[in-house]
Amino acid sequence: MIRFDRVTKRFPDGTVAVDELDLTAPTGKITVLVGPSGCGKTTSLRMVNRMIEPTSGAIYLDGTDTADLKAAEMRRGIGYVIQHAGLFPHRTIVENIGAVPTLLGWDKKRIQERSMELLERVGLDPSVARRYPSQLSGGQQQRVGVARALAADPPVMLMDEPFSAVDPVVREQLQDEFLRLQDELDKTIIFVTHDIDEAIKMGDQVAVLRVGGRLAQMADPAYLLTHPADDFVADFVGRDRGYRALSFQASPRLPLHSERTLLMGEATDRTDEWILVVDDEHRPQGWVEPSRLSGPVTEADLQRGGTVARASGSLRAALDAALSAPSRRGVIVDDSGELIGTVRAHEVLAAIEDADRPELQDDDQAGSPAPDPAAEHTPS
Amino acid sequence: MHRTSRSAGVLALATAALLTLTACGGSSDPLSSETTDDSTATDAATDGGGGGEEIVVGSANFSESVLLANIYAGALNNAGVNASTNTGIGSREIYLNALEDGSIDVIPEYTGALGFFYDPEFSETDPQAVYDVIQGLLPEDFVVLDRAEAENNDSVVVTQETAEEYDLAAIPDLADVAGELSFGAPPEFETRPQGLSGLQETYGVEFASFRPLTGQALVQALQNGQIDAANIFSTDPAIVVNDFVVLEDTEKLFGSQNMVPLVRADVADTVRDTLNAVSAELTTEQVTEMLRQTDVEQRNPEDVAAEFLEQAGL
Amino acid sequence: MIQSIIEWLLSPESWTGSSGIATRLWEHLLYSAIVVVLACVIAIPLGLYIGHAGRANWAVTLANSARAVPTLGLLFAMTLVVGPMISSELAFVIPSIAVLVLLAIPPVLSGAYAGVASVDPAARDAARGVGMRPLQVLTRVEVPCALPLLLSGIRAATLQVIATATIAAYVGLGGLGRFLIDGLASGDYVRTAGGALLVAALALTVDGVLALVERYAVSPGLTGKDVGDTAVVASTT
Amino acid sequence: MTWIQDNWTVIFPLGWSHAVLAGVPLVIGLILAIPLGWAARRWRRAYPVIVSTSGLLYTIPSLALFILMPLILGTQILDPVNVVAAMTVYTVALLVRTVADGLGSVPDHVQQAATAMGYGGLRRFLVVELPLAIPVIIAGLRVAAVSNVSIVSVASLIGVSQLGDLLVDGFNRNIPGELLLGIAACLALALVFDVVITAVGRALTPWTRTARA
């Protein structure tokens, strides 16, 4: 657990980057710091491993004041990932990954094995091991950055806009993969981003900071979307927040309709309705319009515009499936991807209306500092 | 690899050739104006005047030569001949080339030195004999005018202490001890017939080491003991100032070195009368005194020359 | 002319003796090495500090504008001032060495400074972040990353020193410059041209050796495919 | 120091010669370096050849080049052309690489936009690429100017008169004041060159000023 206790950072030129910050990042969770530029989120992160020294206040790492630790040694026990990866350009990929183990004095064989293991873990081909950073794409470099941070298996990781320098498609991939990794690793992570969508996606809890380094609100993502503490947070969280909040609401039991399906390569005589095409394992492939069909269904006939939602997924996914299907019937599958039925948009909306919004917490008044939900939930 | 380096070479040659061509053509204009500006500027002190072709008086790269060049040019200007100076050209080997190619027209010279230069076997030592013989040695387009009584010879000097330590008064005294001593002189001394080889052949003096030095560095090196003996001109005020001991040239290795204007034949008639009149007035004492003024009192050679000419009525 | 130069260069007599080519070449190499090493000892730590700390940039500006001081004048001044203070043979060597060191400092200094300043800030940040101590950040990340620019600064300085050491012959320094100065004084153009060729050949050889050193010392991760960029002239610094 | 009081005006004629001997090669050198630099960019293979050749020229000691120039050019040995030619060689050696790198610094998208608008080879070079390379070329020119002013003083050893005369004469006659004046005058001249070149560069690139403002 990382705990900020009235931490203030005032730079020599007088600007206050962080102002009396109280915040706890619970063990095994991702705590996201988000806010506009100048809100002190990166400064706060960098004070944890003392890349920046606080002006006043203290930061505790599992109960120990970091000021009492030797900075360099402490950092070796904290994974650190930054925006442009910050790989050492003169070292090969394995050497980069093995940087901390080398500093810790591991023997060479162990470093080598560990580096190769991590290379695969972050989804890189072992053949890049002997390459240099400049020969890798931005996304690949970022994976190496994550691998380097994980090398000595630190319990704590600090991630400063780790995915913001890569293109949106790759970013999404990296985010998904990292979340999967975190499921296995359960690191205590502080994650900085300026992108509220990323914050909501990555965070177990999200701390919104305002310019001048004051905490505006701290909450889990669903709560943040439904109960922004004030105008600033509401504005920052942005438009569509009602819709986006649905991401965090699991679908209740929706009234599913059975759907007539067609196998690939089959022909049909019906002419009026959209028909769902599935493969041999009953996985949805796309919709066809029989009137346009002149024989058996082929790949080229498929209309693939519709999204597919899992029955165990969110209300947002179910609604989107209904809205995006040309037939207006949202395709719902089970966890193995097999079709279990379709649902109509108004049925999803009815489910939404029946569902409970996350409840307003008693002491959460607009404008006042956010409570520390983590402090209640996690005994430390 | 091979091919690259060869093409690099070819390209280097081509580039050099191109540069050379353009440099010649492109720059002729600004340069000619530069030359004129430069010479008028140097003339400014003396009352230049008179028409006709401009006479350029050159000099070697030591004070006395610069002084004499200024005296010559001053006298010519006073006599109504348009003259300028180009001083500090370098050693004899260089300025004689400059005289040859017409860069300069007049150069202060020394009789014996000219003899040695044009005839390595030259052996005359008597002032008049030297003067007479060199007339026949000079290239066709060079003429020497009248010699002055003033003489400035090469000399071998040592410090007072060295002279006492080894009991030195004349060059032959060096024969036994030179093997322990180092010798400094302008670089050309190493190869000139009356230089290192002359010392060895005439006096059997062979120094342990030779250090090529010029100007102040030479005087300083002797003073500080980095060299034990030096080749310094006999009129150099540094000898008096530093109390150096001039070793007598008993065998006249350095011969007679009367100051004499060496001129291009094509200007000889223009400058003869004036420069002969100058030579008639120059004495060793006067030159030494003038050098003391330029080198010790740091006066401008042009001013010192002008003063001398005024006193001499030239 | 060219034939006489070749004859002079090939004749065994020109190579032997205390003023032969072999001795002069060795002297030239020795003086240049001393000068470059001294310049590196002074300029590298200074440049690394300035680049690392981002402070005292004026020192680089100062060193660069010092390039405008005419070498010849500096050489004379140093000889007149420092010469009399030394009574041994070193009186001929020290002033020249000092001037050449001054000449060599600016390229090395800007090379070291620009090298460190050009290190990717993210790499430097990461180096601290993974727990390197300040000295480790310098030696393990900043210096290796600064190496290409640092070495090209040293190469430029070396070339300049080898070429300029010839002028120091005018105030009594040995080395290949003797052939130029003495050849000039005695009107012996063969010696002058031969000496010039030797200086250029020496410069090229040394530069080639340094290029090899660079190839082995600099991580391929930094040079990438830009192999054509290794020949460096003073202008880059 | 009385020497300086009595004689300081000599720096004007000598300084003028010095300026011509150092400045004319800058102009000629630049004119020569532009097509060479362009060639180095145009043909990729030419780049290393041109750059290493110019590096090679720079290794020739200045004194040697001065001495040997009359033999190469067939000029008189005291002819200032020798110095101008030698200095031009150094200027080109320094500038070719600068010009090539300067042209290389023109962003690709600008070149492509110019091509797309219909600028042909030479026109595009003169109207788009060369002007955009000016800041880099000016930087190289400043280095060359400073270096030229320093090197030209060596010409005094071969009898071509300029500020270096003060250095040699001051040294030979042991007049520290004269030596000092020579050094100071060289520095001042280098400064003048630098100021002029910077001003010209600024006048030629108004867009860099607005960008900074």
# chains A, B, ... in the order shown; residues from 1 in each chain; ligands from 1
call {"tool": "residues_around", "arguments": {"residues": "Ala85 of chain A", "least_positions_apart": "5", "cutoff": "10 Å", "atoms": "only C-alpha atoms", "output": "ChimeraX atom specification"}}
result
/A:80,133,138-146,148,160-163,165 /C:122-123,125-126
call {"tool": "residues_around", "arguments": {"residues": "Ala151 of chain A", "least_positions_apart": "3", "cutoff": "12 Å", "atoms": "only C-alpha atoms", "output": "tab-separated table (two decimals) with all heavy atoms, in the first residue's frame"}}
result
chain	number	residue	atom	x	y	z
A	76	ARG	N	14.89	0.38	-6.97
A	76	ARG	CA	15.07	-0.94	-7.56
A	76	ARG	C	13.92	-1.88	-7.18
A	76	ARG	O	13.70	-2.89	-7.83
A	76	ARG	CB	16.40	-1.54	-7.12
A	76	ARG	CG	17.57	-0.80	-7.74
A	76	ARG	CD	18.90	-1.19	-7.17
A	76	ARG	NE	19.88	-0.14	-7.49
A	76	ARG	CZ	21.11	-0.11	-7.04
A	76	ARG	NH1	21.55	-1.08	-6.23
A	76	ARG	NH2	21.93	0.86	-7.37
A	77	GLY	N	13.19	-1.52	-6.13
A	77	GLY	CA	12.06	-2.34	-5.72
A	77	GLY	C	10.73	-1.80	-6.21
A	77	GLY	O	9.67	-2.24	-5.76
A	78	ILE	N	10.79	-0.80	-7.09
A	78	ILE	CA	9.56	-0.21	-7.62
A	78	ILE	C	9.65	-0.21	-9.14
A	78	ILE	O	10.59	0.36	-9.70
A	78	ILE	CB	9.39	1.25	-7.13
A	78	ILE	CG1	9.30	1.29	-5.60
A	78	ILE	CG2	8.16	1.88	-7.76
A	78	ILE	CD1	9.17	2.68	-5.02
A	79	GLY	N	8.73	-0.86	-9.80
A	79	GLY	CA	8.73	-0.83	-11.27
A	79	GLY	C	8.37	0.55	-11.75
A	79	GLY	O	7.55	1.24	-11.15
A	80	TYR	N	8.99	0.97	-12.86
A	80	TYR	CA	8.79	2.34	-13.33
A	80	TYR	C	8.64	2.31	-14.84
A	80	TYR	O	9.53	1.89	-15.55
A	80	TYR	CB	10.01	3.16	-12.91
A	80	TYR	CG	9.93	4.65	-13.16
A	80	TYR	CD1	8.90	5.41	-12.64
A	80	TYR	CD2	10.91	5.28	-13.89
A	80	TYR	CE1	8.84	6.79	-12.85
A	80	TYR	CE2	10.88	6.66	-14.10
A	80	TYR	CZ	9.83	7.40	-13.56
A	80	TYR	OH	9.80	8.75	-13.77
A	81	VAL	N	7.47	2.73	-15.31
A	81	VAL	CA	7.22	2.76	-16.76
A	81	VAL	C	6.85	4.18	-17.14
A	81	VAL	O	6.00	4.79	-16.48
A	81	VAL	CB	6.05	1.82	-17.14
A	81	VAL	CG1	5.94	1.70	-18.66
A	81	VAL	CG2	6.22	0.45	-16.51
A	94	VAL	N	17.20	-7.46	-24.36
A	94	VAL	CA	17.38	-8.25	-23.13
A	94	VAL	C	18.15	-7.48	-22.09
A	94	VAL	O	17.84	-7.56	-20.89
A	94	VAL	CB	18.15	-9.60	-23.34
A	94	VAL	CG1	17.20	-10.71	-23.60
A	94	VAL	CG2	19.25	-9.49	-24.33
A	95	GLU	N	19.16	-6.72	-22.53
A	95	GLU	CA	19.93	-5.96	-21.55
A	95	GLU	C	19.06	-4.90	-20.89
A	95	GLU	O	19.20	-4.62	-19.70
A	95	GLU	CB	21.13	-5.28	-22.23
A	95	GLU	CG	22.23	-6.25	-22.61
A	95	GLU	CD	23.27	-5.65	-23.55
A	95	GLU	OE1	23.01	-4.57	-24.11
A	95	GLU	OE2	24.32	-6.27	-23.72
A	96	ASN	N	18.16	-4.30	-21.69
A	96	ASN	CA	17.24	-3.32	-21.12
A	96	ASN	C	16.34	-3.97	-20.07
A	96	ASN	O	16.16	-3.42	-18.98
A	96	ASN	CB	16.38	-2.71	-22.23
A	96	ASN	CG	16.94	-1.39	-22.72
A	96	ASN	OD1	16.86	-0.38	-22.03
A	96	ASN	ND2	17.55	-1.41	-23.89
A	97	ILE	N	15.79	-5.13	-20.41
A	97	ILE	CA	14.89	-5.78	-19.46
A	97	ILE	C	15.64	-6.17	-18.20
A	97	ILE	O	15.12	-6.07	-17.09
A	97	ILE	CB	14.23	-7.01	-20.12
A	97	ILE	CG1	13.38	-6.57	-21.31
A	97	ILE	CG2	13.37	-7.78	-19.11
A	97	ILE	CD1	12.76	-7.70	-22.08
A	98	GLY	N	16.91	-6.55	-18.39
A	98	GLY	CA	17.69	-7.01	-17.23
A	98	GLY	C	18.34	-5.89	-16.45
A	98	GLY	O	19.19	-6.16	-15.59
A	99	ALA	N	17.95	-4.64	-16.71
A	99	ALA	CA	18.65	-3.52	-16.06
A	99	ALA	C	18.61	-3.59	-14.53
A	99	ALA	O	19.64	-3.49	-13.87
A	99	ALA	CB	18.05	-2.20	-16.54
A	100	VAL	N	17.41	-3.79	-13.98
A	100	VAL	CA	17.31	-3.79	-12.51
A	100	VAL	C	17.98	-5.04	-11.91
A	100	VAL	O	18.78	-4.92	-10.98
A	100	VAL	CB	15.85	-3.66	-12.06
A	100	VAL	CG1	15.76	-3.72	-10.54
A	100	VAL	CG2	15.26	-2.36	-12.57
A	101	PRO	N	17.69	-6.24	-12.45
A	101	PRO	CA	18.41	-7.41	-11.92
A	101	PRO	C	19.93	-7.22	-11.97
A	101	PRO	O	20.63	-7.64	-11.04
A	101	PRO	CB	17.98	-8.53	-12.87
A	101	PRO	CG	16.60	-8.13	-13.30
A	101	PRO	CD	16.64	-6.64	-13.40
A	102	THR	N	20.44	-6.55	-13.01
A	102	THR	CA	21.88	-6.31	-13.08
A	102	THR	C	22.31	-5.41	-11.93
A	102	THR	O	23.32	-5.68	-11.27
A	102	THR	CB	22.25	-5.64	-14.42
A	102	THR	OG1	21.73	-6.43	-15.48
A	102	THR	CG2	23.75	-5.50	-14.57
A	103	LEU	N	21.52	-4.36	-11.68
A	103	LEU	CA	21.84	-3.47	-10.56
A	103	LEU	C	21.78	-4.23	-9.24
A	103	LEU	O	22.52	-3.93	-8.31
A	103	LEU	CB	20.87	-2.29	-10.53
A	103	LEU	CG	21.07	-1.22	-11.60
A	103	LEU	CD1	19.89	-0.26	-11.61
A	103	LEU	CD2	22.36	-0.47	-11.36
A	104	LEU	N	20.87	-5.20	-9.18
A	104	LEU	CA	20.71	-5.95	-7.92
A	104	LEU	C	21.78	-7.03	-7.79
A	104	LEU	O	21.86	-7.70	-6.75
A	104	LEU	CB	19.32	-6.58	-7.86
A	104	LEU	CG	18.15	-5.60	-7.73
A	104	LEU	CD1	16.82	-6.32	-7.89
A	104	LEU	CD2	18.22	-4.88	-6.38
A	106	TRP	N	22.18	-9.86	-9.68
A	106	TRP	CA	21.84	-11.25	-9.97
A	106	TRP	C	22.93	-11.86	-10.84
A	106	TRP	O	23.64	-11.15	-11.54
A	106	TRP	CB	20.53	-11.33	-10.76
A	106	TRP	CG	19.30	-10.94	-9.98
A	106	TRP	CD1	19.25	-10.27	-8.80
A	106	TRP	CD2	17.95	-11.17	-10.39
A	106	TRP	NE1	17.95	-10.06	-8.44
A	106	TRP	CE2	17.12	-10.61	-9.40
A	106	TRP	CE3	17.35	-11.80	-11.48
A	106	TRP	CZ2	15.73	-10.67	-9.47
A	106	TRP	CZ3	15.99	-11.85	-11.57
A	106	TRP	CH2	15.17	-11.29	-10.56
A	110	ARG	N	20.69	-16.13	-14.53
A	110	ARG	CA	19.36	-15.87	-13.99
A	110	ARG	C	18.75	-14.64	-14.66
A	110	ARG	O	17.55	-14.62	-14.99
A	110	ARG	CB	19.48	-15.64	-12.48
A	110	ARG	CG	18.14	-15.55	-11.79
A	110	ARG	CD	18.29	-15.59	-10.28
A	110	ARG	NE	17.10	-15.02	-9.65
A	110	ARG	CZ	17.14	-14.29	-8.54
A	110	ARG	NH1	18.30	-14.02	-7.96
A	110	ARG	NH2	16.03	-13.81	-8.02
A	111	ILE	N	19.58	-13.62	-14.89
A	111	ILE	CA	19.08	-12.42	-15.55
A	111	ILE	C	18.58	-12.76	-16.94
A	111	ILE	O	17.49	-12.36	-17.36
A	111	ILE	CB	20.20	-11.35	-15.66
A	111	ILE	CG1	20.63	-10.89	-14.26
A	111	ILE	CG2	19.73	-10.16	-16.48
A	111	ILE	CD1	21.81	-9.96	-14.27
A	112	GLN	N	19.39	-13.56	-17.63
A	112	GLN	CA	19.04	-13.94	-19.00
A	112	GLN	C	17.70	-14.69	-19.03
A	112	GLN	O	16.82	-14.36	-19.81
A	112	GLN	CB	20.18	-14.82	-19.56
A	112	GLN	CG	19.90	-15.42	-20.92
A	112	GLN	CD	19.99	-14.39	-22.03
A	112	GLN	OE1	20.56	-13.31	-21.83
A	112	GLN	NE2	19.41	-14.70	-23.19
A	113	GLU	N	17.57	-15.65	-18.14
A	113	GLU	CA	16.33	-16.45	-18.12
A	113	GLU	C	15.12	-15.58	-17.79
A	113	GLU	O	14.08	-15.66	-18.44
A	113	GLU	CB	16.45	-17.57	-17.08
A	113	GLU	CG	17.32	-18.72	-17.57
A	113	GLU	CD	17.66	-19.69	-16.44
A	113	GLU	OE1	17.15	-19.50	-15.29
A	113	GLU	OE2	18.45	-20.61	-16.70
A	114	ARG	N	15.31	-14.75	-16.81
A	114	ARG	CA	14.21	-13.89	-16.38
A	114	ARG	C	13.80	-12.94	-17.51
A	114	ARG	O	12.61	-12.73	-17.76
A	114	ARG	CB	14.65	-13.10	-15.13
A	114	ARG	CG	13.66	-12.07	-14.63
A	114	ARG	CD	12.41	-12.71	-14.07
A	114	ARG	NE	11.50	-11.70	-13.53
A	114	ARG	CZ	10.20	-11.89	-13.39
A	114	ARG	NH1	9.66	-13.05	-13.73
A	114	ARG	NH2	9.44	-10.95	-12.89
A	115	SER	N	14.80	-12.38	-18.20
A	115	SER	CA	14.51	-11.43	-19.27
A	115	SER	C	13.74	-12.12	-20.39
A	115	SER	O	12.77	-11.56	-20.93
A	115	SER	CB	15.81	-10.84	-19.83
A	115	SER	OG	16.55	-10.24	-18.80
A	116	MET	N	14.18	-13.33	-20.76
A	116	MET	CA	13.51	-14.03	-21.85
A	116	MET	C	12.07	-14.38	-21.45
A	116	MET	O	11.15	-14.29	-22.25
A	116	MET	CB	14.28	-15.29	-22.24
A	116	MET	CG	15.65	-15.03	-22.85
A	116	MET	SD	15.63	-13.86	-24.24
A	116	MET	CE	14.84	-14.86	-25.49
A	117	GLU	N	11.91	-14.77	-20.19
A	117	GLU	CA	10.59	-15.11	-19.70
A	117	GLU	C	9.65	-13.89	-19.81
A	117	GLU	O	8.52	-14.00	-20.29
A	117	GLU	CB	10.72	-15.55	-18.23
A	117	GLU	CG	9.40	-15.88	-17.56
A	117	GLU	CD	9.53	-15.86	-16.04
A	117	GLU	OE1	10.65	-16.17	-15.54
A	117	GLU	OE2	8.56	-15.50	-15.37
A	118	LEU	N	10.17	-12.73	-19.41
A	118	LEU	CA	9.35	-11.52	-19.45
A	118	LEU	C	9.03	-11.09	-20.86
A	118	LEU	O	7.95	-10.59	-21.15
A	118	LEU	CB	10.05	-10.40	-18.70
A	118	LEU	CG	9.84	-10.48	-17.19
A	118	LEU	CD1	10.81	-9.60	-16.47
A	118	LEU	CD2	8.40	-10.10	-16.84
A	119	LEU	N	10.03	-11.29	-21.75
A	119	LEU	CA	9.84	-10.93	-23.14
A	119	LEU	C	8.59	-11.61	-23.68
A	119	LEU	O	7.74	-10.99	-24.33
A	119	LEU	CB	11.08	-11.40	-23.92
A	119	LEU	CG	11.37	-10.73	-25.25
A	119	LEU	CD1	11.55	-9.24	-25.05
A	119	LEU	CD2	12.61	-11.34	-25.87
A	121	ARG	N	6.22	-12.93	-21.85
A	121	ARG	CA	5.09	-12.54	-21.01
A	121	ARG	C	4.40	-11.28	-21.52
A	121	ARG	O	3.19	-11.15	-21.45
A	121	ARG	CB	5.62	-12.27	-19.60
A	121	ARG	CG	4.56	-12.17	-18.57
A	121	ARG	CD	4.76	-13.24	-17.56
A	121	ARG	NE	3.55	-13.49	-16.81
A	121	ARG	CZ	3.55	-13.87	-15.54
A	121	ARG	NH1	4.70	-14.05	-14.91
A	121	ARG	NH2	2.42	-14.09	-14.93
A	122	VAL	N	5.21	-10.32	-22.03
A	122	VAL	CA	4.61	-9.08	-22.53
A	122	VAL	C	4.27	-9.19	-24.01
A	122	VAL	O	3.97	-8.19	-24.66
A	122	VAL	CB	5.51	-7.85	-22.29
A	122	VAL	CG1	5.73	-7.63	-20.81
A	122	VAL	CG2	6.83	-8.00	-23.03
A	144	VAL	N	8.52	-3.53	-23.96
A	144	VAL	CA	9.81	-3.75	-23.32
A	144	VAL	C	9.89	-2.93	-22.03
A	144	VAL	O	10.39	-3.40	-21.01
A	144	VAL	CB	10.98	-3.38	-24.26
A	144	VAL	CG1	12.31	-3.55	-23.56
A	144	VAL	CG2	10.92	-4.21	-25.53
A	145	GLY	N	9.34	-1.70	-22.10
A	145	GLY	CA	9.34	-0.85	-20.91
A	145	GLY	C	8.61	-1.52	-19.75
A	145	GLY	O	9.07	-1.50	-18.61
A	146	VAL	N	7.48	-2.15	-20.07
A	146	VAL	CA	6.72	-2.86	-19.02
A	146	VAL	C	7.52	-4.05	-18.51
A	146	VAL	O	7.63	-4.28	-17.30
A	146	VAL	CB	5.35	-3.30	-19.57
A	146	VAL	CG1	4.64	-4.20	-18.56
A	146	VAL	CG2	4.49	-2.08	-19.89
A	147	ALA	N	8.14	-4.78	-19.45
A	147	ALA	CA	8.93	-5.94	-19.05
A	147	ALA	C	10.07	-5.52	-18.14
A	147	ALA	O	10.37	-6.18	-17.15
A	147	ALA	CB	9.48	-6.65	-20.30
A	148	ARG	N	10.72	-4.39	-18.48
A	148	ARG	CA	11.83	-3.93	-17.65
A	148	ARG	C	11.36	-3.62	-16.24
A	148	ARG	O	12.03	-3.92	-15.26
A	148	ARG	CB	12.48	-2.70	-18.28
A	148	ARG	CG	13.64	-2.17	-17.47
A	148	ARG	CD	14.38	-1.06	-18.16
A	148	ARG	NE	13.54	0.13	-18.31
A	148	ARG	CZ	13.94	1.24	-18.94
A	148	ARG	NH1	15.13	1.29	-19.48
A	148	ARG	NH2	13.14	2.26	-19.04
A	154	PRO	N	8.86	-6.43	-8.72
A	154	PRO	CA	8.60	-5.50	-7.62
A	154	PRO	C	7.13	-5.54	-7.24
A	154	PRO	O	6.28	-5.73	-8.12
A	154	PRO	CB	8.96	-4.14	-8.24
A	154	PRO	CG	8.67	-4.30	-9.69
A	154	PRO	CD	8.93	-5.74	-10.03
A	155	PRO	N	6.79	-5.38	-5.97
A	155	PRO	CA	5.39	-5.39	-5.56
A	155	PRO	C	4.64	-4.14	-6.02
A	155	PRO	O	3.43	-4.15	-6.13
A	155	PRO	CB	5.45	-5.45	-4.04
A	155	PRO	CG	6.80	-4.92	-3.68
A	155	PRO	CD	7.71	-5.23	-4.82
A	157	MET	N	4.30	-0.75	-8.72
A	157	MET	CA	4.70	-0.20	-10.01
A	157	MET	C	4.15	1.21	-10.17
A	157	MET	O	3.03	1.50	-9.78
A	157	MET	CB	4.17	-1.06	-11.16
A	157	MET	CG	4.95	-2.33	-11.35
A	157	MET	SD	4.30	-3.31	-12.70
A	157	MET	CE	4.93	-2.42	-14.10
C	130	VAL	N	14.95	3.27	-12.46
C	130	VAL	CA	15.20	1.86	-12.15
C	130	VAL	C	16.18	1.72	-10.99
C	130	VAL	O	16.52	0.61	-10.60
C	130	VAL	CB	15.73	1.06	-13.36
C	130	VAL	CG1	14.73	1.07	-14.49
C	130	VAL	CG2	17.09	1.57	-13.80
call {"tool": "residues_around", "arguments": {"residues": "Leu173 of chain C", "least_positions_apart": "5", "cutoff": "6 Å", "atoms": "only C-alpha atoms", "output": "ChimeraX atom specification"}}
result
/C:92-93,168
call {"tool": "residues_around", "arguments": {"residues": "segment 73-80 of chain D", "least_positions_apart": "3", "cutoff": "7 Å", "atoms": "only C-alpha atoms", "output": "PyMOL selection string"}}
result
(chain B and resi 20+98+101+103) or (chain D and resi 69-70+83-84+159-160)
call {"tool": "closest_atom_pairs", "arguments": {"of": "chain C", "to": "chain B", "cutoff": "8 Å", "atoms": "only C-alpha atoms", "output": "CSV"}}
result
residue,atom,partner,partner_atom,distance
C:Thr79,CA,B:Ala217,CA,7.3
C:Leu80,CA,B:Ala217,CA,7.4
C:Gly83,CA,B:Gln220,CA,7.7
C:Pro84,CA,B:Asn224,CA,6.3
C:Ile86,CA,B:Asn224,CA,7.8
C:Ser87,CA,B:Asn224,CA,5.6
C:Ser88,CA,B:Gln226,CA,5.7
C:Glu89,CA,B:Gln226,CA,5.6
C:Ala91,CA,B:Gln226,CA,7.4
C:Tyr170,CA,B:Leu213,CA,7.0
C:Val171,CA,B:Leu213,CA,6.3
C:Gly172,CA,B:Leu213,CA,5.6
C:Ile181,CA,B:Pro187,CA,7.5
C:Asp182,CA,B:Pro187,CA,5.1
C:Leu184,CA,B:Ile94,CA,7.4
C:Ala185,CA,B:Ser91,CA,5.3
C:Ser186,CA,B:Glu188,CA,4.8
C:Gly187,CA,B:Glu93,CA,4.7
call {"tool": "write_last_selection", "arguments": {"atoms": "C-alpha atoms", "output": "CSV table (one decimal), in the first residue's frame"}}
result
chain,number,residue,atom,x,y,z
C,79,THR,CA,56.3,31.6,-25.8
C,80,LEU,CA,57.2,35.1,-24.7
C,83,GLY,CA,59.2,30.5,-22.1
C,84,PRO,CA,61.4,32.5,-19.7
C,86,ILE,CA,61.2,27.4,-17.7
C,87,SER,CA,64.9,26.8,-17.9
C,88,SER,CA,65.0,23.3,-19.3
C,89,GLU,CA,64.4,22.0,-22.8
C,91,ALA,CA,60.7,25.7,-22.6
C,170,TYR,CA,58.1,28.4,-35.7
C,171,VAL,CA,58.7,28.7,-32.0
C,172,GLY,CA,61.0,25.7,-31.8
C,181,ILE,CA,59.2,25.8,-41.4
C,182,ASP,CA,62.8,24.7,-42.2
C,184,LEU,CA,60.3,27.4,-46.1
C,185,ALA,CA,63.3,29.1,-44.5
C,186,SER,CA,65.8,27.4,-46.8
C,187,GLY,CA,63.6,27.6,-49.9
call {"tool": "residues_around", "arguments": {"residues": "Trp287 of chain A", "least_positions_apart": "4", "cutoff": "10 Å", "atoms": "only C-alpha atoms", "output": "ChimeraX atom specification"}}
result
/A:261-262,274-278,301-306,325-327
call {"tool": "residues_around", "arguments": {"residues": "Thr250 of chain B", "least_positions_apart": "4", "cutoff": "9 Å", "atoms": "only C-alpha atoms", "output": "list in words"}}
result
Ala170, Ile171 and Pro172 of chain B
call {"tool": "closest_residue", "arguments": {"among": "C:Leu103, C:Val143, C:Leu151, C:Ala77", "to": "chain A", "atoms": "only C-alpha atoms"}}
result
C:Val143
call {"tool": "decode", "arguments": {"residues": "segment 133-153 of chain D", "atoms": "C-alpha atoms", "output": "JSON list (two decimals), in the first residue's frame"}}
result
[["chain", "number", "residue", "atom", "x", "y", "z"],
["D", 133, "ALA", "CA", 18.61, 25.59, -45.37],
["D", 134, "ILE", "CA", 19.86, 29.12, -44.66],
["D", 135, "PRO", "CA", 19.90, 28.88, -40.86],
["D", 136, "VAL", "CA", 22.14, 25.81, -40.96],
["D", 137, "ILE", "CA", 24.34, 27.31, -43.68],
["D", 138, "ILE", "CA", 24.68, 30.53, -41.70],
["D", 139, "ALA", "CA", 25.83, 28.53, -38.68],
["D", 140, "GLY", "CA", 28.49, 26.85, -40.81],
["D", 141, "LEU", "CA", 29.51, 30.16, -42.31],
["D", 142, "ARG", "CA", 30.07, 31.58, -38.85],
["D", 143, "VAL", "CA", 32.39, 28.72, -37.95],
["D", 144, "ALA", "CA", 34.24, 29.14, -41.25],
["D", 145, "ALA", "CA", 34.57, 32.91, -40.73],
["D", 146, "VAL", "CA", 36.06, 32.54, -37.27],
["D", 147, "SER", "CA", 38.40, 29.83, -38.48],
["D", 148, "ASN", "CA", 39.44, 31.87, -41.54],
["D", 149, "VAL", "CA", 40.27, 34.95, -39.49],
["D", 150, "SER", "CA", 42.49, 32.86, -37.26],
["D", 151, "ILE", "CA", 44.23, 30.96, -40.06],
["D", 152, "VAL", "CA", 44.88, 33.99, -42.28],
["D", 153, "SER", "CA", 47.29, 35.37, -39.69]]
